[in-house]
file my_file_6.txt (compact mmCIF, C-alpha atoms)
# COMPACT_ATOMS: atom_id res chain seq x y z
CA MET A 1 138.47 82.42 98.74
CA LYS A 2 137.39 82.59 102.39
CA ARG A 3 138.41 86.26 102.59
CA PHE A 4 136.42 86.99 99.40
CA LEU A 5 133.28 85.42 100.90
CA ILE A 6 133.68 87.51 104.05
CA TYR A 7 134.05 90.73 102.01
CA PHE A 8 131.08 89.77 99.82
CA SER A 9 128.89 89.10 102.88
CA MET A 10 129.85 92.45 104.41
CA VAL A 11 129.02 94.31 101.19
CA PHE A 12 125.69 92.46 100.90
CA ILE A 13 124.69 93.27 104.49
CA LEU A 14 125.77 96.91 104.16
CA GLY A 15 123.91 97.26 100.86
CA GLY A 16 120.75 95.77 102.37
CA ALA A 17 120.96 98.17 105.31
CA LEU A 18 121.39 101.18 103.00
CA LEU A 19 118.50 100.01 100.81
CA SER A 20 116.28 99.58 103.88
CA GLN A 21 117.09 103.12 105.03
CA SER A 22 116.34 104.53 101.57
CA ASN A 23 112.80 103.07 101.77
CA VAL A 24 112.05 105.00 104.96
CA LYS A 25 110.21 108.27 104.35
CA LYS A 26 111.12 111.14 106.68
CA PHE A 27 108.51 113.70 107.74
CA SER A 28 108.66 116.89 109.73
CA LEU A 29 105.64 117.54 111.96
CA LYS A 30 104.06 119.97 109.48
CA GLU A 31 104.69 117.58 106.58
CA ALA A 32 103.16 114.71 108.55
CA ILE A 33 100.04 116.76 109.32
CA SER A 34 99.65 117.93 105.70
CA PHE A 35 100.06 114.38 104.43
CA GLY A 36 97.56 113.07 106.97
CA LEU A 37 94.90 115.65 106.06
CA LYS A 38 95.17 114.57 102.42
CA ASN A 39 95.47 110.80 102.83
CA SER A 40 93.97 109.71 106.15
CA PRO A 41 91.46 106.85 105.62
CA ILE A 42 89.28 108.37 108.35
CA LEU A 43 88.84 111.59 106.36
CA LYS A 44 88.41 109.74 103.06
CA ALA A 45 85.54 107.77 104.58
CA GLU A 46 83.89 111.04 105.62
CA ASP A 47 84.29 112.43 102.08
CA SER A 48 82.54 109.34 100.72
CA LYS A 49 79.70 109.82 103.20
CA ILE A 50 79.19 113.44 102.11
CA LYS A 51 79.31 112.38 98.46
CA GLY A 52 76.58 109.81 99.16
CA ILE A 53 74.28 112.50 100.59
CA GLU A 54 74.92 114.67 97.52
CA TYR A 55 73.75 111.77 95.36
CA GLU A 56 70.62 111.52 97.52
CA ILE A 57 69.93 115.16 96.68
CA GLY A 58 70.32 114.28 93.01
CA VAL A 59 67.76 111.49 93.43
CA GLU A 60 65.26 113.89 95.00
CA LYS A 61 65.83 116.50 92.29
CA SER A 62 65.19 113.91 89.60
CA ASN A 63 61.62 113.53 90.92
CA LYS A 64 60.96 117.13 89.84
CA ASN A 65 62.30 116.62 86.31
CA LEU A 66 60.57 115.35 83.20
CA HIS A 67 60.44 111.54 83.03
CA VAL A 68 60.23 109.90 79.59
CA ASN A 69 59.76 106.16 79.04
CA VAL A 70 59.73 104.10 75.84
CA ASP A 71 57.83 100.81 75.80
CA GLY A 72 57.55 98.20 73.06
CA ASN A 73 56.15 94.70 72.62
CA GLY A 74 55.23 92.20 69.96
CA THR A 75 52.42 89.59 69.92
CA ALA A 76 51.63 86.63 67.70
CA SER A 77 48.26 84.80 67.93
CA ARG A 78 46.57 82.03 65.97
CA MET A 79 42.87 81.11 65.58
CA ASN A 80 41.97 77.47 64.73
CA LYS A 81 38.41 76.81 65.87
CA PRO A 82 35.52 74.70 64.47
CA ILE A 83 32.19 76.45 63.70
CA GLY A 84 28.76 74.76 63.98
CA ALA A 85 27.64 71.40 65.38
CA TYR A 86 27.99 68.99 62.41
CA GLU A 87 31.22 68.84 60.48
CA PRO A 88 31.69 72.58 60.50
CA PRO A 89 34.32 74.43 58.60
CA TYR A 90 37.29 75.73 60.59
CA LEU A 91 37.91 79.38 61.36
CA LYS A 92 41.65 79.80 60.80
CA TYR A 93 43.83 82.88 60.73
CA ASP A 94 47.20 84.16 62.04
CA ASN A 95 47.70 87.62 63.47
CA ILE A 96 51.04 89.35 64.32
CA PHE A 97 51.29 92.89 65.64
CA PHE A 98 53.87 95.19 67.31
CA ASN A 99 53.23 98.03 69.79
CA CYS A 100 55.47 100.97 70.55
CA SER A 101 54.71 103.83 72.97
CA VAL A 102 56.43 106.89 74.37
CA ASP A 103 55.18 108.25 77.72
CA ALA A 104 56.15 111.53 79.40
CA ASN A 105 55.35 112.56 82.99
CA TYR A 106 56.12 115.84 84.76
CA LEU A 107 55.42 116.77 88.37
CA LEU A 108 53.78 120.19 88.17
CA TYR A 109 53.29 120.98 91.85
CA ASP A 110 53.62 119.10 95.17
CA PHE A 111 53.42 121.92 97.74
CA LYS A 112 57.23 121.84 98.17
CA THR A 113 57.27 118.30 99.56
CA ILE A 114 60.41 117.42 97.59
CA ASP A 115 61.98 120.85 98.17
CA TYR A 116 61.86 120.33 101.92
CA ARG A 117 63.41 116.86 101.56
CA ILE A 118 66.23 118.42 99.55
CA ASP A 119 66.67 121.17 102.16
CA SER A 120 66.82 118.49 104.85
CA LEU A 121 69.65 116.72 103.02
CA ARG A 122 71.52 119.99 102.51
CA GLU A 123 71.42 120.66 106.25
CA LYS A 124 72.68 117.13 106.76
CA ILE A 125 75.63 117.84 104.45
CA LYS A 126 76.50 120.92 106.53
CA ALA A 127 76.47 118.75 109.63
CA GLU A 128 78.69 116.12 108.01
CA GLU A 129 81.13 118.78 106.80
CA LEU A 130 81.47 120.01 110.39
CA ILE A 131 81.96 116.44 111.58
CA LYS A 132 84.68 116.05 108.96
CA GLY A 133 86.27 119.26 110.26
CA ARG A 134 86.23 117.83 113.77
CA LYS A 135 87.84 114.64 112.49
CA GLU A 136 90.52 116.76 110.81
CA GLU A 137 91.25 118.29 114.21
CA PHE A 138 91.39 114.76 115.63
CA ILE A 139 93.89 113.70 112.94
CA ILE A 140 96.04 116.78 113.65
CA PHE A 141 95.94 116.03 117.39
CA LYS A 142 96.77 112.34 116.98
CA ILE A 143 99.62 112.99 114.54
CA SER A 144 101.13 115.80 116.62
CA SER A 145 100.77 114.00 119.96
CA LEU A 146 102.25 110.79 118.52
CA TYR A 147 105.06 112.81 116.94
CA LEU A 148 105.85 114.37 120.34
CA LYS A 149 105.55 110.99 122.04
CA ILE A 150 108.07 109.49 119.62
CA LEU A 151 110.39 112.41 120.30
CA THR A 152 110.04 111.55 123.99
CA TYR A 153 111.12 108.01 123.17
CA ASN A 154 114.11 109.48 121.35
CA ASP A 155 115.03 111.35 124.54
CA LEU A 156 114.58 108.24 126.67
CA ILE A 157 116.62 106.11 124.28
CA GLU A 158 119.44 108.65 124.34
CA ALA A 159 119.26 108.73 128.14
CA GLU A 160 119.35 104.94 128.23
CA LYS A 161 122.37 104.89 125.93
CA SER A 162 124.06 107.41 128.19
CA ILE A 163 123.37 105.19 131.20
CA LEU A 164 124.77 102.16 129.35
CA LYS A 165 127.86 104.12 128.41
CA SER A 166 128.32 105.16 132.01
CA LEU A 167 127.81 101.60 133.25
CA ASN A 168 130.33 100.24 130.75
CA GLU A 169 132.85 102.83 131.98
CA LEU A 170 132.04 101.73 135.53
CA LYS A 171 132.56 98.13 134.47
CA ARG A 172 136.06 98.99 133.24
CA ASP A 173 136.81 100.81 136.49
CA VAL A 174 135.59 97.85 138.54
CA LYS A 175 137.79 95.47 136.54
CA ASN A 176 140.79 97.68 137.22
CA LEU A 177 139.94 97.87 140.92
CA ILE A 178 139.59 94.07 141.05
CA LYS A 179 142.93 93.78 139.32
CA TYR A 180 144.57 95.79 142.10
CA GLY A 181 142.58 94.11 144.85
CA LYS A 182 140.41 97.11 145.67
CA ALA A 183 137.09 95.51 144.59
CA ILE A 184 135.55 92.08 144.53
CA GLU A 185 134.10 89.93 141.72
CA VAL A 186 130.56 90.36 143.08
CA ASP A 187 130.77 94.07 142.24
CA LEU A 188 131.53 93.23 138.63
CA LEU A 189 128.59 90.81 138.54
CA LYS A 190 126.27 93.51 139.87
CA VAL A 191 127.43 95.96 137.21
CA GLU A 192 126.97 93.39 134.44
CA THR A 193 123.48 92.61 135.75
CA ALA A 194 122.65 96.32 135.70
CA ILE A 195 123.95 96.59 132.11
CA ALA A 196 121.77 93.66 131.02
CA LYS A 197 118.75 95.25 132.68
CA GLU A 198 119.35 98.62 131.02
CA GLN A 199 119.93 96.93 127.64
CA SER A 200 116.56 95.21 128.03
CA ASN A 201 114.98 98.59 128.86
CA LEU A 202 116.59 100.06 125.76
CA ASP A 203 115.18 97.29 123.55
CA THR A 204 111.73 97.82 125.08
CA LEU A 205 111.88 101.55 124.38
CA LYS A 206 112.86 100.89 120.76
CA ASP A 207 109.95 98.45 120.32
CA GLN A 208 107.51 100.97 121.79
CA ARG A 209 108.90 103.64 119.51
CA GLU A 210 108.40 101.43 116.45
CA ALA A 211 104.82 100.70 117.54
CA ASP A 212 104.08 104.43 117.78
CA LEU A 213 105.70 105.04 114.40
CA SER A 214 103.34 102.43 112.89
CA GLU A 215 100.36 104.11 114.56
CA LEU A 216 101.52 107.49 113.28
CA ALA A 217 101.74 106.09 109.73
CA TYR A 218 98.18 104.76 110.06
CA TYR A 219 96.70 108.14 111.02
CA MET A 220 98.71 109.75 108.21
CA GLY A 221 97.39 107.23 105.70
CA TYR A 222 100.97 106.33 104.72
CA ASN A 223 101.62 102.77 103.63
CA GLY A 224 105.26 102.22 104.47
CA SER A 225 107.99 102.94 106.99
CA ILE A 226 108.41 106.48 108.28
CA GLU A 227 110.87 108.39 110.40
CA LEU A 228 110.80 111.78 112.08
CA LEU A 229 112.60 114.74 110.55
CA GLY A 230 113.58 117.41 113.03
CA ASN A 231 112.34 118.41 116.45
CA VAL A 232 109.35 120.47 117.59
CA LYS A 233 109.85 123.90 119.08
CA ASP A 234 108.31 124.69 122.45
CA PHE A 235 105.07 126.64 122.25
CA GLU A 236 105.44 130.28 123.18
CA ASN A 237 103.32 132.27 125.64
CA ILE A 238 101.55 129.29 127.14
CA LYS A 239 102.60 129.69 130.75
CA ASN A 240 99.19 131.07 131.71
CA VAL A 241 96.01 129.55 130.33
CA SER A 242 92.53 130.79 131.11
CA ALA A 243 89.88 128.11 131.61
CA LYS A 244 87.08 130.60 130.92
CA LYS A 245 88.66 131.70 127.64
CA PHE A 246 89.04 128.16 126.29
CA ILE A 247 85.62 127.04 127.54
CA ASP A 248 84.00 130.00 125.73
CA GLU A 249 85.95 129.08 122.59
CA GLY A 250 84.87 125.45 122.86
CA LEU A 251 81.18 126.24 123.28
CA LYS A 252 81.31 128.56 120.26
CA LYS A 253 83.63 126.68 117.90
CA ARG A 254 83.50 122.94 118.61
CA LYS A 255 82.46 121.56 115.23
CA ASP A 256 80.78 118.44 116.61
CA LEU A 257 78.57 120.67 118.77
CA LEU A 258 77.68 122.89 115.80
CA ALA A 259 76.96 119.78 113.72
CA LEU A 260 74.23 118.76 116.18
CA ASN A 261 72.44 122.06 115.53
CA PHE A 262 72.47 121.41 111.79
CA ASN A 263 71.15 117.90 112.40
CA ILE A 264 68.19 119.48 114.21
CA LYS A 265 67.57 121.77 111.23
CA SER A 266 67.72 118.74 108.94
CA LEU A 267 65.09 116.94 111.01
CA GLU A 268 62.87 120.04 111.06
CA LYS A 269 62.98 120.24 107.25
CA GLY A 270 62.14 116.55 107.08
CA MET A 271 59.14 117.08 109.37
CA LYS A 272 57.91 119.89 107.12
CA SER A 273 58.23 117.61 104.11
CA ILE A 274 56.05 114.99 105.82
CA LYS A 275 53.40 117.58 106.58
CA ARG A 276 53.37 118.81 102.98
CA SER A 277 53.09 115.24 101.66
CA LYS A 278 49.47 115.24 102.94
CA TYR A 279 48.57 117.74 100.21
CA PRO A 280 47.72 116.73 96.62
CA LYS A 281 50.26 116.28 93.86
CA ILE A 282 49.51 117.55 90.36
CA SER A 283 51.24 115.94 87.39
CA LEU A 284 51.07 116.34 83.63
CA PHE A 285 51.35 113.40 81.28
CA SER A 286 51.35 112.80 77.55
CA GLY A 287 52.23 110.02 75.18
CA PHE A 288 52.29 108.58 71.70
CA LYS A 289 51.39 105.00 70.75
CA SER A 290 51.82 103.18 67.47
CA THR A 291 50.65 99.66 66.47
CA LEU A 292 51.90 97.73 63.44
CA LEU A 293 49.57 94.95 62.19
CA VAL A 294 51.54 92.54 60.00
CA ASN A 295 48.58 90.43 58.80
CA PRO A 296 45.35 92.14 59.95
CA ILE A 297 42.03 90.28 59.77
CA SER A 298 38.96 92.23 58.66
CA PHE A 299 35.32 91.36 59.31
CA LYS A 300 34.95 90.19 55.71
CA ASP A 301 37.91 87.86 56.15
CA ILE A 302 36.25 86.31 59.21
CA MET A 303 32.94 85.92 57.35
CA SER A 304 34.76 84.36 54.42
CA GLU A 305 36.08 81.69 56.79
CA VAL A 306 32.69 81.19 58.46
CA MET A 307 30.77 80.91 55.15
CA ASN A 308 33.55 78.90 53.58
CA ASN A 309 33.49 81.34 50.69
CA PRO A 310 36.93 82.66 49.78
CA ASN A 311 35.40 85.24 47.45
CA LEU A 312 34.12 87.19 50.45
CA GLY A 313 37.59 87.81 51.92
CA GLU A 314 39.66 90.93 51.32
CA GLY A 315 43.07 89.44 52.11
CA GLY A 316 45.00 91.26 54.89
CA SER A 317 47.88 93.58 54.28
CA GLY A 318 50.09 95.16 56.94
CA HIS A 319 49.34 98.67 58.14
CA THR A 320 50.17 100.97 61.08
CA GLN A 321 47.84 102.77 63.42
CA SER A 322 49.01 105.64 65.69
CA ASP A 323 47.42 107.65 68.50
CA TRP A 324 48.47 110.33 71.01
CA TYR A 325 47.13 111.41 74.36
CA ALA A 326 47.72 114.12 77.00
CA GLY A 327 46.23 115.07 80.35
CA PHE A 328 46.81 115.80 84.00
CA HIS A 329 46.76 113.66 87.12
CA VAL A 330 45.84 114.69 90.68
CA ASN A 331 46.84 112.47 93.60
CA PHE A 332 45.18 113.32 96.91
CA PRO A 333 46.22 111.05 99.84
CA ILE A 334 43.23 110.23 102.04
CA TYR A 335 44.47 107.46 104.34
CA ASP A 336 47.93 105.91 104.67
CA GLY A 337 47.48 103.60 107.66
CA GLY A 338 49.36 105.96 109.99
CA TYR A 339 52.57 106.01 107.89
CA ARG A 340 53.06 109.80 107.86
CA LYS A 341 52.02 110.21 111.47
CA ASN A 342 54.52 107.65 112.76
CA LYS A 343 57.28 108.95 110.52
CA PHE A 344 56.69 112.48 111.79
CA PHE A 345 56.80 111.36 115.43
CA ASN A 346 59.96 109.38 114.70
CA LEU A 347 61.75 112.52 113.48
CA SER A 348 60.35 114.48 116.41
CA ALA A 349 61.79 111.93 118.84
CA LYS A 350 65.20 112.15 117.13
CA LYS A 351 65.06 115.94 117.48
CA SER A 352 64.43 115.62 121.23
CA GLU A 353 67.32 113.15 121.47
CA ILE A 354 69.72 115.56 119.75
CA ASN A 355 68.63 118.40 122.06
CA ASP A 356 69.59 116.18 125.00
CA LEU A 357 72.90 115.37 123.27
CA ILE A 358 73.63 119.08 122.87
CA TYR A 359 73.22 119.61 126.60
CA ASP A 360 75.44 116.59 127.32
CA LYS A 361 78.03 117.66 124.75
CA LYS A 362 78.37 121.11 126.34
CA ASN A 363 79.03 119.56 129.73
CA GLU A 364 81.52 117.16 128.16
CA ILE A 365 83.39 120.03 126.47
CA ILE A 366 83.65 121.98 129.73
CA SER A 367 84.83 118.89 131.62
CA ARG A 368 87.44 117.89 129.02
CA ILE A 369 88.87 121.42 128.76
CA LYS A 370 89.22 121.68 132.54
CA LYS A 371 90.89 118.27 132.65
CA ALA A 372 93.34 119.22 129.87
CA ILE A 373 94.20 122.49 131.63
CA SER A 374 94.77 120.60 134.90
CA LYS A 375 97.16 118.20 133.12
CA PHE A 376 98.93 121.15 131.50
CA ARG A 377 99.49 122.95 134.81
CA SER A 378 100.60 119.71 136.48
CA ASN A 379 103.19 119.09 133.76
CA ILE A 380 104.56 122.62 134.13
CA SER A 381 105.04 122.11 137.87
CA LYS A 382 106.58 118.67 137.34
CA GLU A 383 108.96 119.91 134.66
CA LYS A 384 110.25 122.68 136.89
CA ALA A 385 110.84 120.35 139.84
CA LEU A 386 112.35 117.55 137.75
CA ARG A 387 114.75 119.95 136.04
CA GLU A 388 116.41 120.46 139.43
CA SER A 389 116.16 116.76 140.23
CA VAL A 390 118.17 115.87 137.13
CA LYS A 391 120.97 118.23 138.22
CA GLN A 392 120.96 116.69 141.71
CA ALA A 393 120.94 113.13 140.31
CA LYS A 394 123.95 113.90 138.08
CA GLU A 395 125.85 115.30 141.03
CA THR A 396 124.90 112.37 143.25
CA LEU A 397 126.16 109.89 140.66
CA ARG A 398 129.42 111.79 140.26
CA VAL A 399 130.02 111.77 144.00
CA GLU A 400 129.10 108.09 144.42
CA LYS A 401 131.49 107.10 141.65
CA LEU A 402 134.32 108.97 143.33
CA LYS A 403 133.50 107.47 146.72
CA TYR A 404 133.42 103.98 145.25
CA LYS A 405 136.71 104.57 143.44
CA PHE A 406 138.35 105.38 146.77
CA GLY A 407 136.58 102.56 148.56
CA LYS A 408 134.28 104.77 150.59
CA THR A 409 130.95 103.28 149.40
CA PRO A 410 129.67 99.95 148.01
CA ILE A 411 128.89 99.45 144.32
CA ASN A 412 125.16 99.28 145.11
CA PHE A 413 125.07 103.02 145.83
CA VAL A 414 126.64 103.77 142.44
CA LEU A 415 124.13 101.55 140.64
CA ASP A 416 121.25 103.14 142.57
CA ALA A 417 122.51 106.57 141.56
CA GLU A 418 122.67 105.47 137.91
CA ALA A 419 119.08 104.18 138.07
CA GLU A 420 117.88 107.34 139.82
CA LEU A 421 119.50 109.52 137.17
CA PHE A 422 117.76 107.64 134.37
CA LYS A 423 114.44 107.76 136.23
CA THR A 424 114.61 111.53 136.78
CA ARG A 425 115.71 112.11 133.17
CA ALA A 426 112.82 110.01 131.92
CA LEU A 427 110.29 111.80 134.11
CA HIS A 428 111.69 115.19 133.10
CA SER A 429 111.45 114.31 129.42
CA LEU A 430 107.89 113.04 129.86
CA SER A 431 106.81 116.17 131.71
CA LYS A 432 108.50 118.44 129.16
CA ARG A 433 106.73 116.76 126.23
CA GLY A 434 103.64 116.50 128.41
CA ILE A 435 103.43 120.30 128.51
CA GLN A 436 103.28 120.38 124.70
CA ILE A 437 100.85 117.45 124.41
CA SER A 438 98.50 118.76 127.11
CA TYR A 439 98.48 122.22 125.49
CA LEU A 440 97.58 120.61 122.16
CA GLU A 441 94.82 118.77 124.01
CA ILE A 442 93.49 122.10 125.31
CA LEU A 443 93.39 123.47 121.75
CA PHE A 444 91.78 120.24 120.49
CA GLU A 445 89.07 120.17 123.15
CA SER A 446 88.40 123.89 122.52
CA GLY A 447 87.92 123.23 118.80
CA ILE A 448 90.67 125.63 117.70
CA LEU A 449 93.48 123.20 116.84
CA GLY A 450 94.62 123.55 113.22
CA LYS A 451 97.61 122.85 111.04
CA ASN A 452 98.78 126.44 111.63
CA SER A 453 98.97 125.89 115.39
CA PHE A 454 102.62 124.85 115.09

call {"tool": "encode", "arguments": {"input": "my_file_6.txt", "output": "structure tokens"}}
result
Amino acid sequence: MKRFLIYFSMVFILGGALLSQSNVKKFSLKEAISFGLKNSPILKAEDSKIKGIEYEIGVEKSNKNLHVNVDGNGTASRMNKPIGAYEPPYLKYDNIFFNCSVDANYLLYDFKTIDYRIDSLREKIKAEELIKGRKEEFIIFKISSLYLKILTYNDLIEAEKSILKSLNELKRDVKNLIKYGKAIEVDLLKVETAIAKEQSNLDTLKDQREADLSELAYYMGYNGSIELLGNVKDFENIKNVSAKKFIDEGLKKRKDLLALNFNIKSLEKGMKSIKRSKYPKISLFSGFKSTLLVNPISFKDIMSEVMNNPNLGEGGSGHTQSDWYAGFHVNFPIYDGGYRKNKFFNLSAKKSEINDLIYDKKNEIISRIKKAISKFRSNISKEKALRESVKQAKETLRVEKLKYKFGKTPINFVLDAEAELFKTRALHSLSKRGIQISYLEILFESGILGKNSF
């Protein structure tokens, strides 16, 4: 029975592990970027914003269309009044009537006031579409840089595992040397301490990797666990980068810079609309009205009550009365308390602000491109130097192990060589991925990063 429970527990744990792995979605870099461009919450929010402006255009267009309203009401009244000074007869009657009307209004001409408001919103949509394009570049950059960063963690984790494997082999060698009296127990303690330290480093790297995977899933808009599928090839022909070339590209193609120009055009159209709103508006109107009297009271009926002579009355009977009307309306604004003036100056101030932002944005683009190129060149130099350092660190560790084995050096030198090898491997991996990430940053800051850049 005990053996059965052990087998059952093992099957349950193994099944849970397999089920957990099956719930993890694997993405290549291109698949991650494509998924992110379709599902990122950042881009969906921008789509909603553009849709809202399109509805604003619809609202403005509706002001130029025919407006038709139907109105209806019903009224009941009762008269119960005395007539004369001394014991007069009472004037009594009930009256019920219903009204129904149909009104139509059409704006004939407004000197293009509404047209300019619509044009202003259309320019705003162009600006928002460019901003969305810039955010797409941002999503591509974040996904690709995080993907490369996670691959760096993969390299570091493998390097850490290699160090742990080497330390465990050293631990076995130290035990054997202690067994034959060629090493002391303190050496074994030092190795075990080093193993514990490296195991802690490994756990930290795994936690950081999981955190970056979660961040990657967020920018992709994926609700669940993900894993990387495949590596990323090194970019070709990127040994020499021209600052002038990328700066020219950035000043011409950065979508957030182009969006500012469309925002200026939108404000200019809005200012024209305000100016035109000072002119008159001409509208046409027409309508039809019908009244139903349920129990109408005629003059003879009233006199019948006053004279207290029922023979004079006609006796009401329901009837309907209908009328129609048509005409035109001219609205000429004379004074608005400074509303148009202040609104015009408000848009003018915003235009000046955006002009200042354009100047600032250009300087920012130049600065960021130069900084990205500097990082790129630094990573190339580091990678070249660290490539040689890794070879030297491997050789140093090999020699120190041999020297320790023959009692020519203390265990500390071996452990230092192990640590130095991991450090140089880590730095080499970071610089190698740093070349790719910094080149992507150059493309991103130049406004030419796209899903086909890989």

call {"tool": "residues_around", "arguments": {"input": "my_file_6.txt", "residues": "A:Ser367", "least_positions_apart": "4", "cutoff": "12 Å", "atoms": "all atoms listed in the file", "output": "MDAnalysis selection string"}}
result
chainID A and resid 243:244 246:247 250:251 360:363 371:374 442 445:446

call {"tool": "atom_distance", "arguments": {"input": "my_file_6.txt", "atom1": "atom CA of A:Asn231", "atom2": "atom CA of A:Gly450"}}
result
18.7 Å

call {"tool": "closest_residue", "arguments": {"input": "my_file_6.txt", "among": "A:Ala393, A:Leu167, A:Leu108, A:Ile114", "to": "A:Ile274", "atoms": "only C-alpha atoms"}}
result
A:Ile114

call {"tool": "residues_near_point", "arguments": {"input": "my_file_6.txt", "point": "(106.5, 117.0, 127.7)", "cutoff": "10 Å", "atoms": "all atoms listed in the file", "output": "mmCIF file with C-alpha atoms, in the coordinates of the input"}}
result
data_model
loop_
_atom_site.group_PDB
_atom_site.id
_atom_site.type_symbol
_atom_site.label_atom_id
_atom_site.label_comp_id
_atom_site.auth_asym_id
_atom_site.auth_seq_id
_atom_site.Cartn_x
_atom_site.Cartn_y
_atom_site.Cartn_z
ATOM 1 C CA LEU A 148 105.850 114.370 120.340
ATOM 2 C CA LYS A 149 105.550 110.990 122.040
ATOM 3 C CA LEU A 151 110.390 112.410 120.300
ATOM 4 C CA THR A 152 110.040 111.550 123.990
ATOM 5 C CA ASP A 234 108.310 124.690 122.450
ATOM 6 C CA PHE A 376 98.930 121.150 131.500
ATOM 7 C CA ASN A 379 103.190 119.090 133.760
ATOM 8 C CA ILE A 380 104.560 122.620 134.130
ATOM 9 C CA LYS A 382 106.580 118.670 137.340
ATOM 10 C CA GLU A 383 108.960 119.910 134.660
ATOM 11 C CA LEU A 427 110.290 111.800 134.110
ATOM 12 C CA HIS A 428 111.690 115.190 133.100
ATOM 13 C CA SER A 429 111.450 114.310 129.420
ATOM 14 C CA LEU A 430 107.890 113.040 129.860
ATOM 15 C CA SER A 431 106.810 116.170 131.710
ATOM 16 C CA LYS A 432 108.500 118.440 129.160
ATOM 17 C CA ARG A 433 106.730 116.760 126.230
ATOM 18 C CA GLY A 434 103.640 116.500 128.410
ATOM 19 C CA ILE A 435 103.430 120.300 128.510
ATOM 20 C CA GLN A 436 103.280 120.380 124.700
ATOM 21 C CA ILE A 437 100.850 117.450 124.410
ATOM 22 C CA SER A 438 98.500 118.760 127.110
ATOM 23 C CA TYR A 439 98.480 122.220 125.490
#

call {"tool": "residues_around", "arguments": {"input": "my_file_6.txt", "residues": "A:Thr320", "least_positions_apart": "6", "cutoff": "9 Å", "atoms": "all atoms listed in the file", "output": "list in words"}}
result
Ser290, Thr291, Leu292, Leu293 and Val294 of chain A

call {"tool": "atom_distance", "arguments": {"input": "my_file_6.txt", "atom1": "atom CA of A:Phe285", "atom2": "atom CA of A:Asn331"}}
result
13.2 Å

call {"tool": "closest_residue", "arguments": {"input": "my_file_6.txt", "among": "A:Asp203, A:Asp187, A:Asp336, A:Glu353", "to": "A:Asn412", "atoms": "all atoms listed in the file"}}
result
A:Asp187
